[in-house]
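Since the structure comes first, as structure tokens, the remarks are kept for the end.
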Number of protein chains: 2
Amino acid sequence: MSDEPRREILAAASRLFAAGGVGATTMAEIARRSGLQQSSLYYYFHSKEALLDALVTEANRAPLELVERIRSEGGAPAVQLYRLIRADVAALSALPYDLNELHRMAARDPRMFRRYWRERERLIAAVTEIIAAGVASGELRAIDPALSTLTILSNDEATQHWLRGDLKRASRRSRPSTVTADPTEAGRFLADLTLRGLMTRPASLEQIRRRARTLDDS
Amino acid sequence: MSDEPRREILAAASRLFAAGGVGATTMAEIARRSGLQQSSLYYYFHSKEALLDALVTEANRAPLELVERIRSEGGAPAVQLYRLIRADVAALSALPYDLNELHRMAARDPRMFRRYWRERERLIAAVTEIIAAGVASGELRAIDPALSTLTILSNDEATQHWLRGDLKRASRRSRPSTVTADPTEAGRFLADLTLRGLMTRPASLEQIRRRARTLDDS
DNA sequence: ATGGAGTTTTGATGATGTATCGAAAGTCGT
DNA sequence: ACGACTTTCGATACATCATCAAAACTCCAT
């Protein structure tokens, strides 16, 4: 099976999900945008969910590569965590669609989305190790690393989620009470909030920030 | 139109959404559980989405009542915020289904879910006022109250979301890497994290906690 | 060039779900 | 027990996901 139509289908689906959500996107429309008939999609993906699995696995790769790169670049655990949160919010916001929706469908059906879950567990394990190292070194308070990891990753996604909605609303001017923050600002806010919340000495956050910035720029 | 079948339909729908999610729940099944034929549902709700609107509006009322009660009971803004986060995570976790999914559908279609959005804005406004008061009094750092509110409310929901998934997985023993924290623990963790992150003097969190507990018990 | 194996695409169709509609059934005051 | 009003229902239109056998295409070996 050639790879190119597969990619084109995923790209078309991705654009449509971004525009109208998963539920409102039909296989027929995805096919039309990929220059195929509806039934032809099933040659490449044996169901709509299989298509979603491919998409969500690919999307999850962004944070995964992020955390692996940050870990390989070293630095104190608190610095790594700070960099990760900032970059994760930015990476999730840069995706064409909201990962939250696919994430939820994946949670509904672990079997169908097992490829995604395997990679997700790697992500969770990597972040947990960073936090555990921070606790061990005394930089972070004596928190439960597993609980912290899930909270942090969820919060990254949640921030991306409301931010996306907020930006869309702002662009349509259809709703009041928008903040119109950009992903950079929101990511920095969340990273600040989280690190201050987890660090033994919150006053040294400024130092963490500087070191993070140095590494980010290199 | 009598109110009682309406309630019964909502209750049945609520149970089914909890079990299998919105997408997997059919109007026919909701009807069966309410002792009606599929087409009869449309006498009470003119579409599946209208049913969702009623449900999500009702669910949103829990945090709204919470924040209004907490505000009326007074106390320092930081104490109010601490109490709110803990109670909000608990309240969301106590709902039969994950508010996240309905919240997402509501965001897709503001017109259909306008009742929900009106109440949601009240909630956002109330929390924003608490935070602004905290900033004004110097208890909280000089953060953007609107940005903080959205982040906090999103994080509450996100915590409830991963917790729900985690608990379900734990009960099915189908997945590793579960934390099996309960809503109380997760809510306390998030409230601690957030308040430490936002307070001018994180060291006084212990005092905030004590005062929050006093008010919670009264 | 051409036959043929393997790959890709398609139209027809089944299965399931949402929503509509007119008619039937039920309720209640007079 | 009549009639207005409310509630329920069966039939059905329409959309969508998925399956399948057949057609169209590709490309190598002859």
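We label chains A, B, ... in the order they appear in the structure tokens, count residues from 1 in each chain, and number ligands from 1 in the order shown.
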
Kindly provide, as a PyMOL selection string, the residues of chain D having any atom no farther than 9 Å from an atom of chain A, counting only C-alpha atoms (C1' of nucleotides).
-> chain D and resi 16-18

Could the residues in this selection be written to a file with N, CA, C and O atoms (P, O5', C5', C4', C3', O3' and C1' of nucleotides), as an mmCIF file, in the first residue's frame?
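Generated output (out-v3.cif):
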data_model
loop_
_atom_site.group_PDB
_atom_site.id
_atom_site.type_symbol
_atom_site.label_atom_id
_atom_site.label_comp_id
_atom_site.auth_asym_id
_atom_site.auth_seq_id
_atom_site.Cartn_x
_atom_site.Cartn_y
_atom_site.Cartn_z
ATOM 1 P P DT D 16 -24.239 13.367 6.116
ATOM 2 O "O5'" DT D 16 -23.606 12.052 6.749
ATOM 3 C "C5'" DT D 16 -23.771 11.769 8.125
ATOM 4 C "C4'" DT D 16 -23.395 10.341 8.389
ATOM 5 C "C3'" DT D 16 -22.100 9.886 7.720
ATOM 6 O "O3'" DT D 16 -21.115 9.680 8.719
ATOM 7 C "C1'" DT D 16 -23.831 8.228 7.584
ATOM 8 P P DC D 17 -19.658 9.159 8.360
ATOM 9 O "O5'" DC D 17 -19.759 7.603 8.708
ATOM 10 C "C5'" DC D 17 -20.056 7.203 10.036
ATOM 11 C "C4'" DC D 17 -20.116 5.692 10.098
ATOM 12 C "C3'" DC D 17 -18.833 4.982 9.668
ATOM 13 O "O3'" DC D 17 -18.557 3.920 10.579
ATOM 14 C "C1'" DC D 17 -20.647 4.222 8.333
ATOM 15 P P DA D 18 -17.117 3.170 10.506
ATOM 16 O "O5'" DA D 18 -17.424 1.957 9.543
ATOM 17 C "C5'" DA D 18 -18.414 1.022 9.945
ATOM 18 C "C4'" DA D 18 -18.722 0.075 8.825
ATOM 19 C "C3'" DA D 18 -17.521 -0.595 8.143
ATOM 20 O "O3'" DA D 18 -17.519 -1.974 8.509
ATOM 21 C "C1'" DA D 18 -19.181 0.091 6.559
#

Can you list, as a tab-separated table (two decimals) with C-alpha atoms, in the first residue's frame, every protein, DNA or RNA residue that comes within 10 Å of Ala181 (chain A) when you count only C-alpha atoms (C1' of nucleotides), leaving out same-chain residues fewer than 4 positions away?
chain	number	residue	atom	x	y	z
A	163	LEU	CA	-7.21	29.01	24.37
A	164	ARG	CA	-8.31	27.56	21.07
A	166	ASP	CA	-11.08	31.74	22.99
A	167	LEU	CA	-9.13	32.55	19.85
A	185	GLU	CA	1.54	33.94	27.04
A	186	ALA	CA	-0.81	31.21	28.23
A	187	GLY	CA	2.00	28.66	28.23
B	146	ALA	CA	-9.39	36.77	33.27
B	147	LEU	CA	-6.51	34.61	32.10

Test item: residues at most 12 Å from DC2 (chain D), only C-alpha atoms (C1' of nucleotides), excluding those fewer than 3 positions along its chain, as a list of chain:residue names =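 Everything that qualifies: C:DC28, C:DG29, C:DT30.
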
For Ala62 (chain A): contacts at 8 Å, only C-alpha atoms (C1' of nucleotides), fewer than 3 positions along chain excluded, given as a list in words | Glu58, Ala59, Glu65, Leu66, Ala91 and Leu92 of chain A

Output the selection as a compact mmCIF listing (two decimals), in the first residue's frame - N, CA and C atoms for each residue.
# COMPACT_ATOMS: atom_id res chain seq x y z
N GLU A 58 -0.13 10.39 15.81
CA GLU A 58 0.79 11.35 15.21
C GLU A 58 0.84 12.64 16.05
N ALA A 59 -0.33 13.08 16.50
CA ALA A 59 -0.37 14.33 17.28
C ALA A 59 0.34 14.18 18.61
N GLU A 65 8.25 13.84 21.53
CA GLU A 65 9.56 14.25 21.05
C GLU A 65 10.09 15.41 21.88
N LEU A 66 9.18 16.27 22.27
CA LEU A 66 9.55 17.41 23.10
C LEU A 66 10.19 16.95 24.40
N ALA A 91 3.13 23.52 21.53
CA ALA A 91 3.03 22.46 20.53
C ALA A 91 1.59 22.03 20.32
N LEU A 92 0.85 21.90 21.42
CA LEU A 92 -0.55 21.49 21.30
C LEU A 92 -1.36 22.58 20.60

Chain B near chain A within 9 Å: what's each residue's closest atom pair and its distance in Å to one decimal, counting only C-alpha atoms, ordered by chain then ascending residue number, as JSON lines?
{"residue": "B:Gly20", "atom": "CA", "partner": "A:Arg108", "partner_atom": "CA", "distance": 7.6}
{"residue": "B:Gly21", "atom": "CA", "partner": "A:Arg108", "partner_atom": "CA", "distance": 7.7}
{"residue": "B:Gly23", "atom": "CA", "partner": "A:Gly23", "partner_atom": "CA", "distance": 8.2}
{"residue": "B:Asn100", "atom": "CA", "partner": "A:Arg104", "partner_atom": "CA", "distance": 8.8}
{"residue": "B:Glu101", "atom": "CA", "partner": "A:Glu101", "partner_atom": "CA", "distance": 7.8}
{"residue": "B:Arg104", "atom": "CA", "partner": "A:Glu101", "partner_atom": "CA", "distance": 7.7}
{"residue": "B:Met105", "atom": "CA", "partner": "A:Gly21", "partner_atom": "CA", "distance": 8.9}
{"residue": "B:Ala107", "atom": "CA", "partner": "A:Gly165", "partner_atom": "CA", "distance": 7.1}
{"residue": "B:Arg108", "atom": "CA", "partner": "A:Gly20", "partner_atom": "CA", "distance": 7.6}
{"residue": "B:Pro110", "atom": "CA", "partner": "A:Arg175", "partner_atom": "CA", "distance": 8.8}
{"residue": "B:Glu121", "atom": "CA", "partner": "A:Ser177", "partner_atom": "CA", "distance": 7.5}
{"residue": "B:Ile124", "atom": "CA", "partner": "A:Ser177", "partner_atom": "CA", "distance": 8.5}
{"residue": "B:Ala125", "atom": "CA", "partner": "A:Ser177", "partner_atom": "CA", "distance": 8.5}
{"residue": "B:Ile143", "atom": "CA", "partner": "A:Phe189", "partner_atom": "CA", "distance": 8.7}
{"residue": "B:Ala146", "atom": "CA", "partner": "A:Val179", "partner_atom": "CA", "distance": 6.4}
{"residue": "B:Leu147", "atom": "CA", "partner": "A:Val179", "partner_atom": "CA", "distance": 6.3}
{"residue": "B:Ser148", "atom": "CA", "partner": "A:Phe189", "partner_atom": "CA", "distance": 8.3}
{"residue": "B:Leu150", "atom": "CA", "partner": "A:Trp162", "partner_atom": "CA", "distance": 7.1}
{"residue": "B:Thr151", "atom": "CA", "partner": "A:Thr159", "partner_atom": "CA", "distance": 6.1}
{"residue": "B:Ser154", "atom": "CA", "partner": "A:Ala158", "partner_atom": "CA", "distance": 5.5}
{"residue": "B:Asn155", "atom": "CA", "partner": "A:Asn155", "partner_atom": "CA", "distance": 5.3}
{"residue": "B:Asp156", "atom": "CA", "partner": "A:Asn155", "partner_atom": "CA", "distance": 8.7}
{"residue": "B:Glu157", "atom": "CA", "partner": "A:Ala158", "partner_atom": "CA", "distance": 8.0}
{"residue": "B:Ala158", "atom": "CA", "partner": "A:Ser154", "partner_atom": "CA", "distance": 5.5}
{"residue": "B:Thr159", "atom": "CA", "partner": "A:Thr151", "partner_atom": "CA", "distance": 6.2}
{"residue": "B:His161", "atom": "CA", "partner": "A:Ser154", "partner_atom": "CA", "distance": 8.2}
{"residue": "B:Trp162", "atom": "CA", "partner": "A:Ser154", "partner_atom": "CA", "distance": 7.0}
{"residue": "B:Leu163", "atom": "CA", "partner": "A:Leu150", "partner_atom": "CA", "distance": 8.7}
{"residue": "B:Gly165", "atom": "CA", "partner": "A:Ala107", "partner_atom": "CA", "distance": 7.0}
{"residue": "B:Ser174", "atom": "CA", "partner": "A:Pro110", "partner_atom": "CA", "distance": 8.8}
{"residue": "B:Arg175", "atom": "CA", "partner": "A:Pro110", "partner_atom": "CA", "distance": 8.7}
{"residue": "B:Pro176", "atom": "CA", "partner": "A:Glu121", "partner_atom": "CA", "distance": 8.8}
{"residue": "B:Ser177", "atom": "CA", "partner": "A:Glu121", "partner_atom": "CA", "distance": 7.5}
{"residue": "B:Thr178", "atom": "CA", "partner": "A:Ala146", "partner_atom": "CA", "distance": 8.2}
{"residue": "B:Val179", "atom": "CA", "partner": "A:Leu147", "partner_atom": "CA", "distance": 6.3}
{"residue": "B:Thr180", "atom": "CA", "partner": "A:Leu147", "partner_atom": "CA", "distance": 8.8}
{"residue": "B:Ala181", "atom": "CA", "partner": "A:Leu147", "partner_atom": "CA", "distance": 7.5}
{"residue": "B:Ala186", "atom": "CA", "partner": "A:Leu147", "partner_atom": "CA", "distance": 7.7}
{"residue": "B:Phe189", "atom": "CA", "partner": "A:Ser148", "partner_atom": "CA", "distance": 8.3}
{"residue": "B:Leu190", "atom": "CA", "partner": "A:Thr151", "partner_atom": "CA", "distance": 7.7}
{"residue": "B:Asp192", "atom": "CA", "partner": "A:Gly197", "partner_atom": "CA", "distance": 7.1}
{"residue": "B:Leu193", "atom": "CA", "partner": "A:Gly197", "partner_atom": "CA", "distance": 4.3}
{"residue": "B:Thr194", "atom": "CA", "partner": "A:Gly197", "partner_atom": "CA", "distance": 6.1}
{"residue": "B:Leu195", "atom": "CA", "partner": "A:Gly197", "partner_atom": "CA", "distance": 7.2}
{"residue": "B:Arg196", "atom": "CA", "partner": "A:Gly197", "partner_atom": "CA", "distance": 4.6}
{"residue": "B:Gly197", "atom": "CA", "partner": "A:Leu193", "partner_atom": "CA", "distance": 4.3}
{"residue": "B:Leu198", "atom": "CA", "partner": "A:Leu193", "partner_atom": "CA", "distance": 6.4}
{"residue": "B:Pro202", "atom": "CA", "partner": "A:Pro202", "partner_atom": "CA", "distance": 7.5}

Quick one: residues within 9 Å of Pro77 (chain A), only C-alpha atoms (C1' of nucleotides) counted, chain neighbours fewer than 4 positions away excluded, as a PDB file with all heavy atoms, in the first residue's frame?
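Saved to result_13.pdb:
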ATOM      1  N   ARG A  71      14.798  16.214  27.884  1.00  0.00           N
ATOM      2  CA  ARG A  71      15.548  15.359  28.804  1.00  0.00           C
ATOM      3  C   ARG A  71      16.976  15.181  28.321  1.00  0.00           C
ATOM      4  O   ARG A  71      17.925  15.187  29.115  1.00  0.00           O
ATOM      5  CB  ARG A  71      14.861  14.004  28.931  1.00  0.00           C
ATOM      6  CG  ARG A  71      13.572  14.097  29.734  1.00  0.00           C
ATOM      7  CD  ARG A  71      13.482  12.992  30.752  1.00  0.00           C
ATOM      8  NE  ARG A  71      13.315  11.706  30.107  1.00  0.00           N
ATOM      9  CZ  ARG A  71      13.412  10.555  30.763  1.00  0.00           C
ATOM     10  NH1 ARG A  71      13.680  10.544  32.055  1.00  0.00           N
ATOM     11  NH2 ARG A  71      13.227   9.420  30.136  1.00  0.00           N
ATOM     12  N   LEU A  81      11.155  20.746  33.612  1.00  0.00           N
ATOM     13  CA  LEU A  81       9.704  20.784  33.737  1.00  0.00           C
ATOM     14  C   LEU A  81       9.152  22.115  33.222  1.00  0.00           C
ATOM     15  O   LEU A  81       8.137  22.152  32.512  1.00  0.00           O
ATOM     16  CB  LEU A  81       9.317  20.582  35.204  1.00  0.00           C
ATOM     17  CG  LEU A  81       7.852  20.281  35.486  1.00  0.00           C
ATOM     18  CD1 LEU A  81       7.400  19.057  34.713  1.00  0.00           C
ATOM     19  CD2 LEU A  81       7.635  20.070  36.984  1.00  0.00           C
ATOM     20  N   TYR A  82       9.838  23.183  33.564  1.00  0.00           N
ATOM     21  CA  TYR A  82       9.407  24.499  33.101  1.00  0.00           C
ATOM     22  C   TYR A  82       9.405  24.560  31.578  1.00  0.00           C
ATOM     23  O   TYR A  82       8.438  24.989  30.947  1.00  0.00           O
ATOM     24  CB  TYR A  82      10.335  25.581  33.666  1.00  0.00           C
ATOM     25  CG  TYR A  82       9.862  26.981  33.395  1.00  0.00           C
ATOM     26  CD1 TYR A  82       8.965  27.604  34.247  1.00  0.00           C
ATOM     27  CD2 TYR A  82      10.306  27.678  32.269  1.00  0.00           C
ATOM     28  CE1 TYR A  82       8.508  28.888  33.996  1.00  0.00           C
ATOM     29  CE2 TYR A  82       9.854  28.962  32.001  1.00  0.00           C
ATOM     30  CZ  TYR A  82       8.957  29.570  32.870  1.00  0.00           C
ATOM     31  OH  TYR A  82       8.507  30.833  32.609  1.00  0.00           O
ATOM     32  N   ILE A 130      11.089  12.931  35.320  1.00  0.00           N
ATOM     33  CA  ILE A 130      11.598  14.285  35.569  1.00  0.00           C
ATOM     34  C   ILE A 130      11.155  14.760  36.946  1.00  0.00           C
ATOM     35  O   ILE A 130      11.945  15.268  37.741  1.00  0.00           O
ATOM     36  CB  ILE A 130      11.084  15.266  34.491  1.00  0.00           C
ATOM     37  CG1 ILE A 130      11.702  14.941  33.140  1.00  0.00           C
ATOM     38  CG2 ILE A 130      11.418  16.705  34.878  1.00  0.00           C
ATOM     39  CD1 ILE A 130      11.178  15.819  32.004  1.00  0.00           C
ATOM     40  N   ILE A 131       9.871  14.570  37.224  1.00  0.00           N
ATOM     41  CA  ILE A 131       9.350  15.055  38.501  1.00  0.00           C
ATOM     42  C   ILE A 131       9.954  14.291  39.672  1.00  0.00           C
ATOM     43  O   ILE A 131      10.349  14.884  40.680  1.00  0.00           O
ATOM     44  CB  ILE A 131       7.808  14.960  38.511  1.00  0.00           C
ATOM     45  CG1 ILE A 131       7.236  15.926  37.463  1.00  0.00           C
ATOM     46  CG2 ILE A 131       7.258  15.282  39.889  1.00  0.00           C
ATOM     47  CD1 ILE A 131       5.752  15.875  37.321  1.00  0.00           C
ATOM     48  N   ALA A 132      10.061  12.988  39.518  1.00  0.00           N
ATOM     49  CA  ALA A 132      10.656  12.192  40.596  1.00  0.00           C
ATOM     50  C   ALA A 132      12.087  12.655  40.870  1.00  0.00           C
ATOM     51  O   ALA A 132      12.514  12.741  42.030  1.00  0.00           O
ATOM     52  CB  ALA A 132      10.629  10.712  40.224  1.00  0.00           C
ATOM     53  N   ALA A 133      12.811  12.980  39.800  1.00  0.00           N
ATOM     54  CA  ALA A 133      14.183  13.468  39.981  1.00  0.00           C
ATOM     55  C   ALA A 133      14.176  14.796  40.730  1.00  0.00           C
ATOM     56  O   ALA A 133      15.032  15.042  41.590  1.00  0.00           O
ATOM     57  CB  ALA A 133      14.860  13.619  38.620  1.00  0.00           C
ATOM     58  N   GLY A 134      13.200  15.642  40.408  1.00  0.00           N
ATOM     59  CA  GLY A 134      13.109  16.931  41.084  1.00  0.00           C
ATOM     60  C   GLY A 134      12.785  16.780  42.554  1.00  0.00           C
ATOM     61  O   GLY A 134      13.311  17.511  43.405  1.00  0.00           O
ATOM     62  N   VAL A 135      11.931  15.824  42.856  1.00  0.00           N
ATOM     63  CA  VAL A 135      11.600  15.573  44.252  1.00  0.00           C
ATOM     64  C   VAL A 135      12.827  15.028  44.981  1.00  0.00           C
ATOM     65  O   VAL A 135      13.163  15.460  46.085  1.00  0.00           O
ATOM     66  CB  VAL A 135      10.425  14.576  44.363  1.00  0.00           C
ATOM     67  CG1 VAL A 135      10.203  14.163  45.817  1.00  0.00           C
ATOM     68  CG2 VAL A 135       9.155  15.189  43.790  1.00  0.00           C
ATOM     69  N   SER A 137      15.931  15.501  44.293  1.00  0.00           N
ATOM     70  CA  SER A 137      16.981  16.508  44.464  1.00  0.00           C
ATOM     71  C   SER A 137      16.560  17.606  45.438  1.00  0.00           C
ATOM     72  O   SER A 137      17.359  18.466  45.787  1.00  0.00           O
ATOM     73  CB  SER A 137      17.327  17.136  43.117  1.00  0.00           C
ATOM     74  OG  SER A 137      16.336  18.073  42.752  1.00  0.00           O
ATOM     75  N   GLU A 139      14.468  19.985  44.759  1.00  0.00           N
ATOM     76  CA  GLU A 139      13.976  21.187  44.077  1.00  0.00           C
ATOM     77  C   GLU A 139      12.457  21.283  44.162  1.00  0.00           C
ATOM     78  O   GLU A 139      11.903  22.376  44.263  1.00  0.00           O
ATOM     79  CB  GLU A 139      14.341  21.143  42.594  1.00  0.00           C
ATOM     80  CG  GLU A 139      15.799  21.369  42.282  1.00  0.00           C
ATOM     81  CD  GLU A 139      16.069  21.030  40.832  1.00  0.00           C
ATOM     82  OE1 GLU A 139      15.647  21.821  39.971  1.00  0.00           O
ATOM     83  OE2 GLU A 139      16.660  19.964  40.568  1.00  0.00           O
ATOM     84  N   LEU A 140      11.819  20.109  44.071  1.00  0.00           N
ATOM     85  CA  LEU A 140      10.347  20.088  44.129  1.00  0.00           C
ATOM     86  C   LEU A 140       9.916  19.542  45.492  1.00  0.00           C
ATOM     87  O   LEU A 140      10.642  18.776  46.124  1.00  0.00           O
ATOM     88  CB  LEU A 140       9.786  19.204  43.015  1.00  0.00           C
ATOM     89  CG  LEU A 140      10.191  19.575  41.583  1.00  0.00           C
ATOM     90  CD1 LEU A 140       9.472  18.675  40.579  1.00  0.00           C
ATOM     91  CD2 LEU A 140       9.884  21.041  41.286  1.00  0.00           C
TER      92      LEU A 140
END

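Closest approach to Ser72 (chain A) among A:Arg115, A:Ala126, A:Asp217, A:Ser40: A:Ala126, based on only C-alpha atoms.
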
Give me the chain C side of the contact with chain A, cut-off 8 Å, one line per residue showing its nearest atom pair and distance in Å at one decimal, counting only C-alpha atoms (C1' of nucleotides), sorted by chain and residue number, as a Markdown table.
| residue | atom | partner | partner_atom | distance |
| --- | --- | --- | --- | --- |
| C:DT7 | C1' | A:Met1 | CA | 7.5 |
| C:DT9 | C1' | A:Ser40 | CA | 6.1 |
| C:DT10 | C1' | A:Gln37 | CA | 7.2 |

Filtering to C-alpha atoms (C1' of nucleotides), could you give me those residues as a PDB file, in the first residue's frame?
ATOM      1  C1'  DT C   7      -2.890  -3.131  -6.160  1.00  0.00           C
ATOM      2  C1'  DT C   9     -10.798   2.412  -6.923  1.00  0.00           C
ATOM      3  C1'  DT C  10     -15.531   2.228  -7.423  1.00  0.00           C
TER       4       DT C  10
END

Tell me which protein, DNA and RNA residues are within 9 Å of Leu52 (chain B), counting only C-alpha atoms (C1' of nucleotides), leaving out same-chain ones fewer than 6 positions away, and put them as a list of chain:residue names.
->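 Those residues are B:Leu10, B:Ala13, B:Val22, B:Leu102, B:Met105, B:Ala106, B:Phe113.
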
Selection above as a file: all heavy atoms, as a PDB file, in the first residue's frame:
ATOM      1  N   LEU B  10     -34.063  12.984  30.876  1.00  0.00           N
ATOM      2  CA  LEU B  10     -32.738  13.519  31.196  1.00  0.00           C
ATOM      3  C   LEU B  10     -31.951  12.561  32.081  1.00  0.00           C
ATOM      4  O   LEU B  10     -30.746  12.363  31.881  1.00  0.00           O
ATOM      5  CB  LEU B  10     -32.869  14.885  31.881  1.00  0.00           C
ATOM      6  CG  LEU B  10     -33.300  16.027  30.971  1.00  0.00           C
ATOM      7  CD1 LEU B  10     -33.579  17.293  31.775  1.00  0.00           C
ATOM      8  CD2 LEU B  10     -32.224  16.308  29.919  1.00  0.00           C
ATOM      9  N   ALA B  13     -30.822   9.646  29.930  1.00  0.00           N
ATOM     10  CA  ALA B  13     -29.756  10.081  29.038  1.00  0.00           C
ATOM     11  C   ALA B  13     -28.460  10.244  29.807  1.00  0.00           C
ATOM     12  O   ALA B  13     -27.382   9.819  29.364  1.00  0.00           O
ATOM     13  CB  ALA B  13     -30.143  11.393  28.357  1.00  0.00           C
ATOM     14  N   VAL B  22     -21.558  10.290  24.669  1.00  0.00           N
ATOM     15  CA  VAL B  22     -22.661  10.871  23.905  1.00  0.00           C
ATOM     16  C   VAL B  22     -22.819  10.187  22.552  1.00  0.00           C
ATOM     17  O   VAL B  22     -23.920   9.813  22.156  1.00  0.00           O
ATOM     18  CB  VAL B  22     -22.431  12.388  23.701  1.00  0.00           C
ATOM     19  CG1 VAL B  22     -23.480  12.948  22.757  1.00  0.00           C
ATOM     20  CG2 VAL B  22     -22.487  13.098  25.041  1.00  0.00           C
ATOM     21  N   LEU B 102     -19.574  17.336  26.955  1.00  0.00           N
ATOM     22  CA  LEU B 102     -20.667  18.245  26.665  1.00  0.00           C
ATOM     23  C   LEU B 102     -20.142  19.669  26.488  1.00  0.00           C
ATOM     24  O   LEU B 102     -20.616  20.421  25.625  1.00  0.00           O
ATOM     25  CB  LEU B 102     -21.695  18.205  27.806  1.00  0.00           C
ATOM     26  CG  LEU B 102     -22.456  16.892  27.905  1.00  0.00           C
ATOM     27  CD1 LEU B 102     -23.464  16.950  29.026  1.00  0.00           C
ATOM     28  CD2 LEU B 102     -23.147  16.582  26.591  1.00  0.00           C
ATOM     29  N   MET B 105     -18.996  20.091  22.987  1.00  0.00           N
ATOM     30  CA  MET B 105     -20.068  20.222  22.006  1.00  0.00           C
ATOM     31  C   MET B 105     -20.703  21.603  22.116  1.00  0.00           C
ATOM     32  O   MET B 105     -21.076  22.206  21.112  1.00  0.00           O
ATOM     33  CB  MET B 105     -21.125  19.153  22.237  1.00  0.00           C
ATOM     34  CG  MET B 105     -20.523  17.761  22.292  1.00  0.00           C
ATOM     35  SD  MET B 105     -21.764  16.462  22.218  1.00  0.00           S
ATOM     36  CE  MET B 105     -21.714  16.086  20.458  1.00  0.00           C
ATOM     37  N   ALA B 106     -20.795  22.097  23.345  1.00  0.00           N
ATOM     38  CA  ALA B 106     -21.372  23.421  23.551  1.00  0.00           C
ATOM     39  C   ALA B 106     -20.505  24.487  22.891  1.00  0.00           C
ATOM     40  O   ALA B 106     -21.009  25.464  22.329  1.00  0.00           O
ATOM     41  CB  ALA B 106     -21.514  23.705  25.045  1.00  0.00           C
ATOM     42  N   PHE B 113     -26.480  26.086  22.279  1.00  0.00           N
ATOM     43  CA  PHE B 113     -26.234  25.957  23.709  1.00  0.00           C
ATOM     44  C   PHE B 113     -26.194  27.315  24.401  1.00  0.00           C
ATOM     45  O   PHE B 113     -25.448  27.517  25.346  1.00  0.00           O
ATOM     46  CB  PHE B 113     -24.908  25.228  23.939  1.00  0.00           C
ATOM     47  CG  PHE B 113     -24.938  23.782  23.550  1.00  0.00           C
ATOM     48  CD1 PHE B 113     -24.675  23.388  22.248  1.00  0.00           C
ATOM     49  CD2 PHE B 113     -25.249  22.807  24.485  1.00  0.00           C
ATOM     50  CE1 PHE B 113     -24.715  22.052  21.884  1.00  0.00           C
ATOM     51  CE2 PHE B 113     -25.280  21.474  24.139  1.00  0.00           C
ATOM     52  CZ  PHE B 113     -25.015  21.098  22.830  1.00  0.00           C
TER      53      PHE B 113
END

Residues within 10 Å of DA24 (chain C), only C-alpha atoms (C1' of nucleotides), excluding chain neighbours under 5 positions, as a ChimeraX atom specification = /D:8-10

Residue subset to file, keeping C-alpha atoms (C1' of nucleotides), as a short mmCIF file (atom, residue, chain, number, x, y, z; two decimals), in the first residue's frame:
data_model
loop_
_atom_site.label_atom_id
_atom_site.label_comp_id
_atom_site.auth_asym_id
_atom_site.auth_seq_id
_atom_site.Cartn_x
_atom_site.Cartn_y
_atom_site.Cartn_z
"C1'" DT D 8 -47.65 8.95 22.15
"C1'" DC D 9 -46.91 6.31 18.22
"C1'" DG D 10 -45.80 3.99 13.54
#

Would you mind writing down, as JSON, numbers by chain, each residue of region 152-206 of chain B that DSSP on the backbone assigns to alpha helix (DSSP H)?
-> {"B": [152, 153, 154, 155, 156, 157, 158, 159, 160, 161, 162, 163, 164, 165, 166, 167, 168, 169, 170, 171, 172, 183, 184, 185, 186, 187, 188, 189, 190, 191, 192, 193, 194, 195, 196, 197, 198, 205, 206]}
